[in-house]
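Novice: Here you go, this is run.cif (mmCIF, C-alpha atoms).
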```cif
data_data
loop_
_atom_site.label_atom_id
_atom_site.label_comp_id
_atom_site.auth_asym_id
_atom_site.auth_seq_id
_atom_site.Cartn_x
_atom_site.Cartn_y
_atom_site.Cartn_z
CA MET N 1 66.50 127.06 -19.73
CA LYS N 2 67.93 126.12 -16.34
CA ASN N 3 66.46 122.63 -16.62
CA TRP N 4 68.10 122.18 -20.02
CA SER N 5 71.42 123.42 -18.64
CA ASN N 6 71.26 120.91 -15.79
CA ARG N 7 70.47 118.13 -18.22
CA LEU N 8 73.41 119.02 -20.46
CA THR N 9 75.99 119.59 -17.74
CA GLY N 10 74.78 117.20 -15.05
CA PRO N 11 75.46 113.46 -14.85
CA SER N 12 73.57 111.31 -17.30
CA PRO N 13 71.37 108.39 -16.18
CA GLU N 14 74.00 106.00 -17.48
CA SER N 15 76.77 107.58 -15.38
CA ARG N 16 74.56 107.49 -12.28
CA CYS N 17 73.84 103.80 -12.88
CA GLU N 18 77.57 103.20 -13.30
CA ALA N 19 78.32 104.99 -10.03
CA HIS N 20 75.66 102.96 -8.23
CA GLY N 21 77.10 99.79 -9.72
CA ARG N 22 80.58 100.68 -8.45
CA TRP N 23 79.26 101.25 -4.93
CA ILE N 24 77.35 97.96 -4.98
CA THR N 25 80.46 96.13 -6.20
CA ARG N 26 82.61 97.69 -3.49
CA LEU N 27 80.03 96.80 -0.85
CA ALA N 28 79.94 93.21 -2.08
CA LEU N 29 83.74 93.01 -1.93
CA VAL N 30 83.76 94.36 1.61
CA VAL N 31 81.12 91.84 2.70
CA ILE N 32 82.97 88.93 1.10
CA ALA N 33 86.29 90.00 2.62
CA ALA N 34 84.66 90.37 6.04
CA LEU N 35 83.12 86.89 5.78
CA VAL N 36 86.41 85.29 4.74
CA LEU N 37 88.36 87.03 7.50
CA SER N 38 85.70 86.08 10.04
CA ILE N 39 85.88 82.41 9.06
CA ILE N 40 89.68 82.41 9.17
CA GLY N 41 89.74 84.21 12.52
CA PHE N 42 87.14 81.87 13.99
CA LEU N 43 89.07 78.77 12.88
CA LEU N 44 92.32 80.21 14.20
CA CYS N 45 90.76 80.88 17.60
CA ARG N 46 89.01 77.53 17.87
CA GLY N 47 91.83 75.52 16.30
CA SER N 48 94.54 76.93 18.58
CA ARG N 49 92.53 76.57 21.80
CA LEU N 50 93.77 73.01 22.33
CA PHE N 51 97.34 74.28 22.60
CA LEU N 52 96.66 77.57 24.39
CA THR N 53 94.82 75.86 27.24
CA GLY N 54 97.55 73.27 27.72
CA GLU N 55 95.30 70.35 26.80
CA GLY N 56 97.79 69.31 24.11
CA THR N 57 101.01 70.35 22.44
CA LEU N 58 101.57 71.19 18.81
CA SER N 59 104.36 68.62 18.37
CA ALA N 60 102.32 65.84 19.93
CA PHE N 61 99.34 66.80 17.79
CA LEU N 62 101.22 66.83 14.48
CA LEU N 63 103.57 63.90 15.14
CA GLY N 64 101.57 61.68 17.48
CA THR N 65 100.05 58.49 16.08
CA ASN N 66 97.51 57.77 18.81
CA TRP N 67 94.10 59.41 18.25
CA ASP N 68 91.86 58.74 21.24
CA PRO N 69 90.25 62.02 22.39
CA GLY N 70 88.30 60.22 25.11
CA HIS N 71 91.61 59.44 26.84
CA GLN N 72 93.26 62.80 26.06
CA ALA N 73 95.34 61.40 23.16
CA PHE N 74 95.37 63.84 20.24
CA GLY N 75 97.81 62.45 17.69
CA ALA N 76 96.65 63.64 14.24
CA ALA N 77 99.50 62.17 12.18
CA PRO N 78 97.46 59.17 10.93
CA MET N 79 94.73 61.39 9.48
CA ILE N 80 97.22 63.84 7.95
CA VAL N 81 99.23 61.04 6.33
CA THR N 82 96.10 59.28 5.07
CA SER N 83 94.64 62.48 3.61
CA LEU N 84 97.86 63.31 1.77
CA PHE N 85 98.33 59.74 0.53
CA VAL N 86 94.84 59.18 -0.89
CA THR N 87 94.89 62.66 -2.43
CA LEU N 88 98.24 62.10 -4.12
CA LEU N 89 97.30 58.61 -5.28
CA ALA N 90 93.97 59.77 -6.70
CA GLY N 91 95.64 62.68 -8.50
CA LEU N 92 98.38 60.51 -10.02
CA LEU N 93 95.82 57.93 -11.17
CA ALA N 94 93.45 60.51 -12.63
CA LEU N 95 96.00 62.65 -14.49
CA PRO N 96 96.97 60.15 -17.24
CA LEU N 97 93.38 59.24 -18.03
CA ALA N 98 92.21 62.86 -17.90
CA LEU N 99 95.06 63.91 -20.18
CA ALA N 100 94.33 61.07 -22.61
CA VAL N 101 90.65 62.04 -22.85
CA ALA N 102 91.58 65.71 -23.26
CA LEU N 103 94.07 64.93 -26.03
CA ALA N 104 91.55 62.72 -27.80
CA THR N 105 88.91 65.45 -27.60
CA THR N 106 91.10 68.33 -28.79
CA GLU N 107 93.75 66.74 -31.03
CA ILE N 108 92.62 63.37 -32.37
CA LEU N 109 88.86 62.95 -32.63
CA PRO N 110 86.77 64.99 -35.10
CA ARG N 111 85.70 68.40 -33.87
CA GLY N 112 82.10 67.27 -33.77
CA ALA N 113 82.93 64.67 -31.13
CA LYS N 114 83.45 67.40 -28.58
CA ARG N 115 79.77 68.29 -28.76
CA PHE N 116 78.99 64.87 -27.28
CA LEU N 117 81.99 64.44 -24.96
CA GLN N 118 81.96 67.89 -23.31
CA PRO N 119 78.39 67.69 -21.93
CA GLY N 120 79.10 64.20 -20.58
CA ILE N 121 82.24 65.37 -18.80
CA GLU N 122 80.44 68.38 -17.33
CA LEU N 123 77.63 66.07 -16.18
CA LEU N 124 80.13 63.92 -14.30
CA VAL N 125 81.55 67.04 -12.62
CA GLY N 126 78.13 67.95 -11.25
CA ILE N 127 77.25 64.53 -9.78
CA PRO N 128 76.87 64.74 -5.95
CA SER N 129 79.62 63.14 -3.92
CA VAL N 130 77.21 60.74 -2.19
CA VAL N 131 76.58 59.10 -5.57
CA TYR N 132 80.30 58.44 -5.97
CA GLY N 133 80.30 57.03 -2.45
CA LEU N 134 77.49 54.63 -3.36
CA VAL N 135 79.42 53.56 -6.46
CA GLY N 136 82.40 52.88 -4.24
CA LEU N 137 80.28 50.81 -1.84
CA THR N 138 78.66 48.68 -4.53
CA ILE N 139 81.59 48.26 -6.96
CA LEU N 140 84.96 49.25 -5.52
CA VAL N 141 84.59 47.73 -2.05
CA PRO N 142 83.77 44.20 -3.36
CA LEU N 143 86.49 44.51 -6.00
CA THR N 144 89.09 45.54 -3.42
CA ARG N 145 87.96 42.70 -1.16
CA LYS N 146 88.65 40.22 -3.95
CA LEU N 147 92.02 41.73 -4.83
CA LEU N 148 93.47 42.45 -1.40
CA GLY N 149 91.25 40.52 0.99
CA GLY N 150 89.92 41.94 4.22
CA THR N 151 86.78 44.01 4.38
CA GLY N 152 87.38 45.98 1.20
CA PHE N 153 87.31 49.27 3.07
CA GLY N 154 90.63 51.09 3.08
CA LEU N 155 93.12 53.36 1.38
CA LEU N 156 92.82 51.90 -2.11
CA THR N 157 89.03 52.13 -2.12
CA GLY N 158 89.12 55.71 -0.84
CA ALA N 159 91.66 56.68 -3.48
CA GLY N 160 89.52 54.97 -6.12
CA VAL N 161 86.45 56.98 -5.18
CA LEU N 162 88.46 60.20 -5.23
CA PHE N 163 89.87 59.20 -8.62
CA LEU N 164 86.34 58.92 -10.00
CA MET N 165 85.44 62.31 -8.51
CA VAL N 166 88.41 64.39 -9.66
CA MET N 167 88.97 62.84 -13.08
CA PRO N 168 86.10 64.76 -14.80
CA THR N 169 87.25 68.05 -13.26
CA MET N 170 90.85 67.48 -14.34
CA THR N 171 89.69 66.45 -17.81
CA SER N 172 87.64 69.61 -18.28
CA MET N 173 90.52 71.82 -17.16
CA ALA N 174 93.01 69.91 -19.31
CA ILE N 175 90.77 70.42 -22.35
CA ASP N 176 90.74 74.16 -21.68
CA ALA N 177 94.54 74.17 -21.34
CA LEU N 178 95.05 72.32 -24.63
CA GLU N 179 92.56 74.52 -26.48
CA ALA N 180 94.47 77.59 -25.28
CA VAL N 181 97.51 76.50 -27.32
CA PRO N 182 97.59 78.71 -30.46
CA ASN N 183 96.79 76.87 -33.69
CA GLN N 184 99.71 78.69 -35.32
CA LEU N 185 102.08 76.47 -33.33
CA ARG N 186 100.40 73.35 -34.63
CA ARG N 187 100.53 74.60 -38.22
CA ALA N 188 104.16 75.58 -37.87
CA SER N 189 105.04 72.13 -36.53
CA ALA N 190 103.15 70.44 -39.35
CA GLY N 191 104.87 72.73 -41.87
CA LEU N 192 108.25 71.53 -40.61
CA GLY N 193 107.25 67.94 -41.33
CA ALA N 194 106.30 66.80 -37.83
CA THR N 195 103.68 64.11 -37.43
CA ARG N 196 100.58 64.56 -35.30
CA TRP N 197 102.14 62.70 -32.36
CA GLN N 198 105.37 64.64 -32.64
CA THR N 199 103.40 67.88 -32.61
CA ILE N 200 101.46 66.74 -29.53
CA HIS N 201 104.59 65.57 -27.72
CA ARG N 202 106.97 68.40 -28.56
CA VAL N 203 104.68 71.40 -29.09
CA VAL N 204 101.21 71.06 -27.60
CA LEU N 205 102.02 69.37 -24.28
CA PRO N 206 105.00 71.60 -23.37
CA THR N 207 102.99 74.72 -24.18
CA ALA N 208 100.01 73.56 -22.11
CA ARG N 209 102.15 72.27 -19.23
CA GLY N 210 101.15 75.06 -16.86
CA GLY N 211 97.44 74.51 -17.41
CA ILE N 212 97.82 70.74 -16.99
CA LEU N 213 99.67 71.19 -13.69
CA THR N 214 96.95 73.58 -12.57
CA ALA N 215 94.34 70.92 -13.37
CA LEU N 216 96.30 68.39 -11.31
CA ILE N 217 96.62 70.68 -8.29
CA PHE N 218 93.00 71.78 -8.50
CA GLY N 219 91.82 68.18 -8.67
CA MET N 220 94.00 67.21 -5.70
CA ALA N 221 92.65 70.17 -3.73
CA ARG N 222 89.10 68.96 -4.32
CA ALA N 223 90.08 65.42 -3.35
CA PHE N 224 91.77 66.60 -0.15
CA GLY N 225 88.65 68.41 1.03
CA GLU N 226 86.15 65.67 0.15
CA ALA N 227 84.39 64.16 3.16
CA LEU N 228 81.23 62.15 2.52
CA ALA N 229 82.34 59.89 -0.33
CA VAL N 230 85.63 59.00 1.37
CA GLN N 231 83.94 58.42 4.71
CA MET N 232 81.67 55.81 3.13
CA VAL N 233 84.49 53.58 1.87
CA ILE N 234 87.73 54.20 3.78
CA GLY N 235 86.84 52.39 7.02
CA ASN N 236 87.11 55.36 9.42
CA ALA N 237 89.82 53.86 11.63
CA ALA N 238 92.01 56.63 13.05
CA VAL N 239 95.21 54.58 12.92
CA MET N 240 98.40 54.82 10.89
CA PRO N 241 97.81 52.85 7.66
CA HIS N 242 100.15 49.96 6.90
CA GLY N 243 98.93 48.95 3.46
CA LEU N 244 96.57 49.78 0.62
CA GLY N 245 93.92 47.48 2.03
CA SER N 246 94.06 48.73 5.60
CA SER N 247 91.24 50.82 7.03
CA ALA N 248 92.13 54.42 7.79
CA ALA N 249 90.60 57.85 8.31
CA THR N 250 91.12 61.24 6.72
CA LEU N 251 90.87 64.66 8.30
CA THR N 252 87.45 65.24 6.79
CA SER N 253 86.04 61.82 7.75
CA VAL N 254 87.05 62.26 11.40
CA LEU N 255 85.55 65.74 11.44
CA THR N 256 82.20 64.66 9.97
CA THR N 257 81.85 61.65 12.27
CA GLY N 258 83.07 63.31 15.47
CA MET N 259 81.91 66.92 15.46
CA GLY N 260 78.30 66.09 16.26
CA ASN N 261 79.28 63.81 19.13
CA THR N 262 81.31 66.28 21.19
CA ILE N 263 80.52 69.21 23.47
CA MET N 264 81.85 72.70 22.85
CA ASN N 265 84.90 73.82 24.83
CA THR N 266 85.89 70.27 25.75
CA PRO N 267 89.31 68.84 24.79
CA GLU N 268 87.64 66.43 22.35
CA ASN N 269 85.89 69.28 20.58
CA ASP N 270 89.02 71.46 20.58
CA ALA N 271 90.99 68.65 18.95
CA LEU N 272 88.46 68.45 16.12
CA TRP N 273 88.71 72.20 15.57
CA SER N 274 92.49 71.77 15.39
CA LEU N 275 91.97 69.22 12.62
CA ALA N 276 89.78 71.76 10.83
CA LEU N 277 92.58 74.32 11.13
CA VAL N 278 95.05 71.86 9.57
CA LEU N 279 92.57 71.27 6.76
CA LEU N 280 92.30 75.02 6.18
CA LEU N 281 96.08 75.46 6.08
CA MET N 282 96.44 72.62 3.58
CA SER N 283 93.76 74.20 1.40
CA PHE N 284 95.75 77.45 1.47
CA LEU N 285 98.84 75.54 0.35
CA PHE N 286 96.95 74.02 -2.59
CA ASN N 287 95.64 77.44 -3.59
CA LEU N 288 99.12 78.92 -3.30
CA ALA N 289 100.53 76.17 -5.51
CA THR N 290 97.82 76.86 -8.09
CA ARG N 291 98.68 80.57 -8.05
CA LEU N 292 102.38 79.89 -8.47
CA VAL N 293 101.81 77.51 -11.38
CA SER N 294 99.42 79.96 -13.06
CA ARG N 295 101.89 82.83 -12.64
CA LYS N 296 104.70 80.72 -14.08
CA LYS N 297 102.45 79.72 -16.96
CA GLY N 298 101.70 83.37 -17.69
#
```
As structure tokens - that is how I would like this structure written.
Specialist:
Amino acid sequence: MKNWSNRLTGPSPESRCEAHGRWITRLALVVIAALVLSIIGFLLCRGSRLFLTGEGTLSAFLLGTNWDPGHQAFGAAPMIVTSLFVTLLAGLLALPLALAVALATTEILPRGAKRFLQPGIELLVGIPSVVYGLVGLTILVPLTRKLLGGTGFGLLTGAGVLFLMVMPTMTSMAIDALEAVPNQLRRASAGLGATRWQTIHRVVLPTARGGILTALIFGMARAFGEALAVQMVIGNAAVMPHGLGSSAATLTSVLTTGMGNTIMNTPENDALWSLALVLLLMSFLFNLATRLVSRKKG
């Protein structure tokens, strides 16, 4: 009788499994939070060491145009400007094409066409960045050399590679944003006598504006943090760019080429960690912009 009473009044196997699941979830959250805070704290310590030891000043680092760590010159402005420029250019080039493909998939082409387009777009999203870099080397670099002269390595080629990389991601997110528009709005617009293009222009696009902006910011965030593909085609010259065809360097390209060639706790190494800290702060700004756009959309 006592065993039956315990079975009836005690916790069931399902409730025990649920309690265990809650503890495992909490433990996973604690571990993830600890890892994130550890990474941020480590980058803050290493990235600020250049300024705390007096090896450089924050103003000279952010505004200086001369990057020559071997001679104690730590001007990061060329890499910051180049990173922002190629990211913005790639995003502005990719958005119209991504939006056109998304509109064709959701609003114009037959519904069955999505079964063929969607897997292709997702396949492009998963292609490794080194493949895009090879495409840039074999196609974009010779094309830029013919158009602008010079070596073909430079800002335009780097922006072109980033355009190829972020366009599939932005297209996929734009498709999701357009599909989230309720069909009742489309029917109501058609019932009022609007054409398909009027419905797209005045109903669908304004309603999906928040999701489209999120796709743009997310694509630019991915472009800003890309290293290998850009490094292969941009020229890796840490100087202030003066044209679309001039060689330049981004934050990520300087980090990947220089980190393995420096010694820890030297000014050269501290300067690279400061670049990594700038890259982290810019990533936070992109994530904050995405949050703000999503909140406004909601």
Novice: Once the PyMOL selection byres ((chain N and resi 156-161) around 8) has been applied to the shown file, what residues remain in the selection, as an MDAnalysis selection string?
Specialist: chainID N and resid 86:87 89:90 132:133 135:136 140:141 144 152:155 162:165 229:230 233:234 244:245
Novice: Given the PyMOL selection byres ((chain N and resi 68) around 12) and the file above, list the residues it selects as a list in words.
Specialist: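 Checked against the file, the PyMOL selection byres ((chain N and resi 68) around 12) matches Phe61, Gly64, Thr65, Asn66, Trp67, Pro69, Gly70, His71, Gln72, Ala73, Phe74, Gly75, Ala76, Pro78, Ala237, Ala238, Val239, Val254, Gly258, Pro267, Glu268, Ala271 and Leu272 of chain N.
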Novice: Extract, using only C-alpha atoms, all DNA, RNA and protein residues at most 12 Å from His201 (chain N), discarding same-chain residues fewer than 5 positions from it, and format them as a VMD selection string.
Specialist: chain N and resid 103 107 186 189 194 to 196 206 to 209
Novice: Taking the file as shown, find all residues satisfying the PyMOL selection byres ((chain N and resi 294) around 12) and write them as a ChimeraX atom specification.
Specialist: /N:177,208-215,217-218,287-293,295-298
Novice: Write out as a PyMOL selection string the residues lying within 10 Å of Thr171 (chain N), counting all atoms listed in the file and excluding same-chain residues fewer than 3 positions away.
Specialist: chain N and resi 94-103+105+118+121-122+125+166-168+174-177+212+215-216+219
Novice: Take the residues from that selection and put them in a file with C-alpha atoms, as a PDB file, keeping the file's coordinate frame.
Specialist:
```
ATOM      1  CA  ALA N  94      93.450  60.510 -12.630  1.00  0.00           C
ATOM      2  CA  LEU N  95      96.000  62.650 -14.490  1.00  0.00           C
ATOM      3  CA  PRO N  96      96.970  60.150 -17.240  1.00  0.00           C
ATOM      4  CA  LEU N  97      93.380  59.240 -18.030  1.00  0.00           C
ATOM      5  CA  ALA N  98      92.210  62.860 -17.900  1.00  0.00           C
ATOM      6  CA  LEU N  99      95.060  63.910 -20.180  1.00  0.00           C
ATOM      7  CA  ALA N 100      94.330  61.070 -22.610  1.00  0.00           C
ATOM      8  CA  VAL N 101      90.650  62.040 -22.850  1.00  0.00           C
ATOM      9  CA  ALA N 102      91.580  65.710 -23.260  1.00  0.00           C
ATOM     10  CA  LEU N 103      94.070  64.930 -26.030  1.00  0.00           C
ATOM     11  CA  THR N 105      88.910  65.450 -27.600  1.00  0.00           C
ATOM     12  CA  GLN N 118      81.960  67.890 -23.310  1.00  0.00           C
ATOM     13  CA  ILE N 121      82.240  65.370 -18.800  1.00  0.00           C
ATOM     14  CA  GLU N 122      80.440  68.380 -17.330  1.00  0.00           C
ATOM     15  CA  VAL N 125      81.550  67.040 -12.620  1.00  0.00           C
ATOM     16  CA  VAL N 166      88.410  64.390  -9.660  1.00  0.00           C
ATOM     17  CA  MET N 167      88.970  62.840 -13.080  1.00  0.00           C
ATOM     18  CA  PRO N 168      86.100  64.760 -14.800  1.00  0.00           C
ATOM     19  CA  ALA N 174      93.010  69.910 -19.310  1.00  0.00           C
ATOM     20  CA  ILE N 175      90.770  70.420 -22.350  1.00  0.00           C
ATOM     21  CA  ASP N 176      90.740  74.160 -21.680  1.00  0.00           C
ATOM     22  CA  ALA N 177      94.540  74.170 -21.340  1.00  0.00           C
ATOM     23  CA  ILE N 212      97.820  70.740 -16.990  1.00  0.00           C
ATOM     24  CA  ALA N 215      94.340  70.920 -13.370  1.00  0.00           C
ATOM     25  CA  LEU N 216      96.300  68.390 -11.310  1.00  0.00           C
ATOM     26  CA  GLY N 219      91.820  68.180  -8.670  1.00  0.00           C
TER      27      GLY N 219
END
```
Novice: N:Leu50, N:Ile200, N:Ile139, N:Ile80: which is nearest Leu63 (chain N), counting all atoms listed in the file?
Specialist: N:Ile80
Novice: Suppose you want the space between CA of Leu92 (chain N) and CA of Met173 (chain N); what is it in Å?
Specialist: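 Taking CA of Leu92 (chain N) as the start and CA of Met173 (chain N) as the end point, the length is 15.5 Å.
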Novice: So which residues touch Met259 (chain N) within 7 Å, counting all atoms listed in the file, skipping near sequence neighbours fewer than 3 positions away, as a list in words?
Specialist: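 Residues near the query, excluding close chain neighbours: Leu255, Thr256, Thr262, Asn269 and Leu272 of chain N.
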Novice: Figure out the distance between CA of Leu88 (chain N) and CA of Gln198 (chain N), please, to one decimal in Å.
Specialist: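 CA of Gln198 (chain N) sits 29.5 Å away from CA of Leu88 (chain N).
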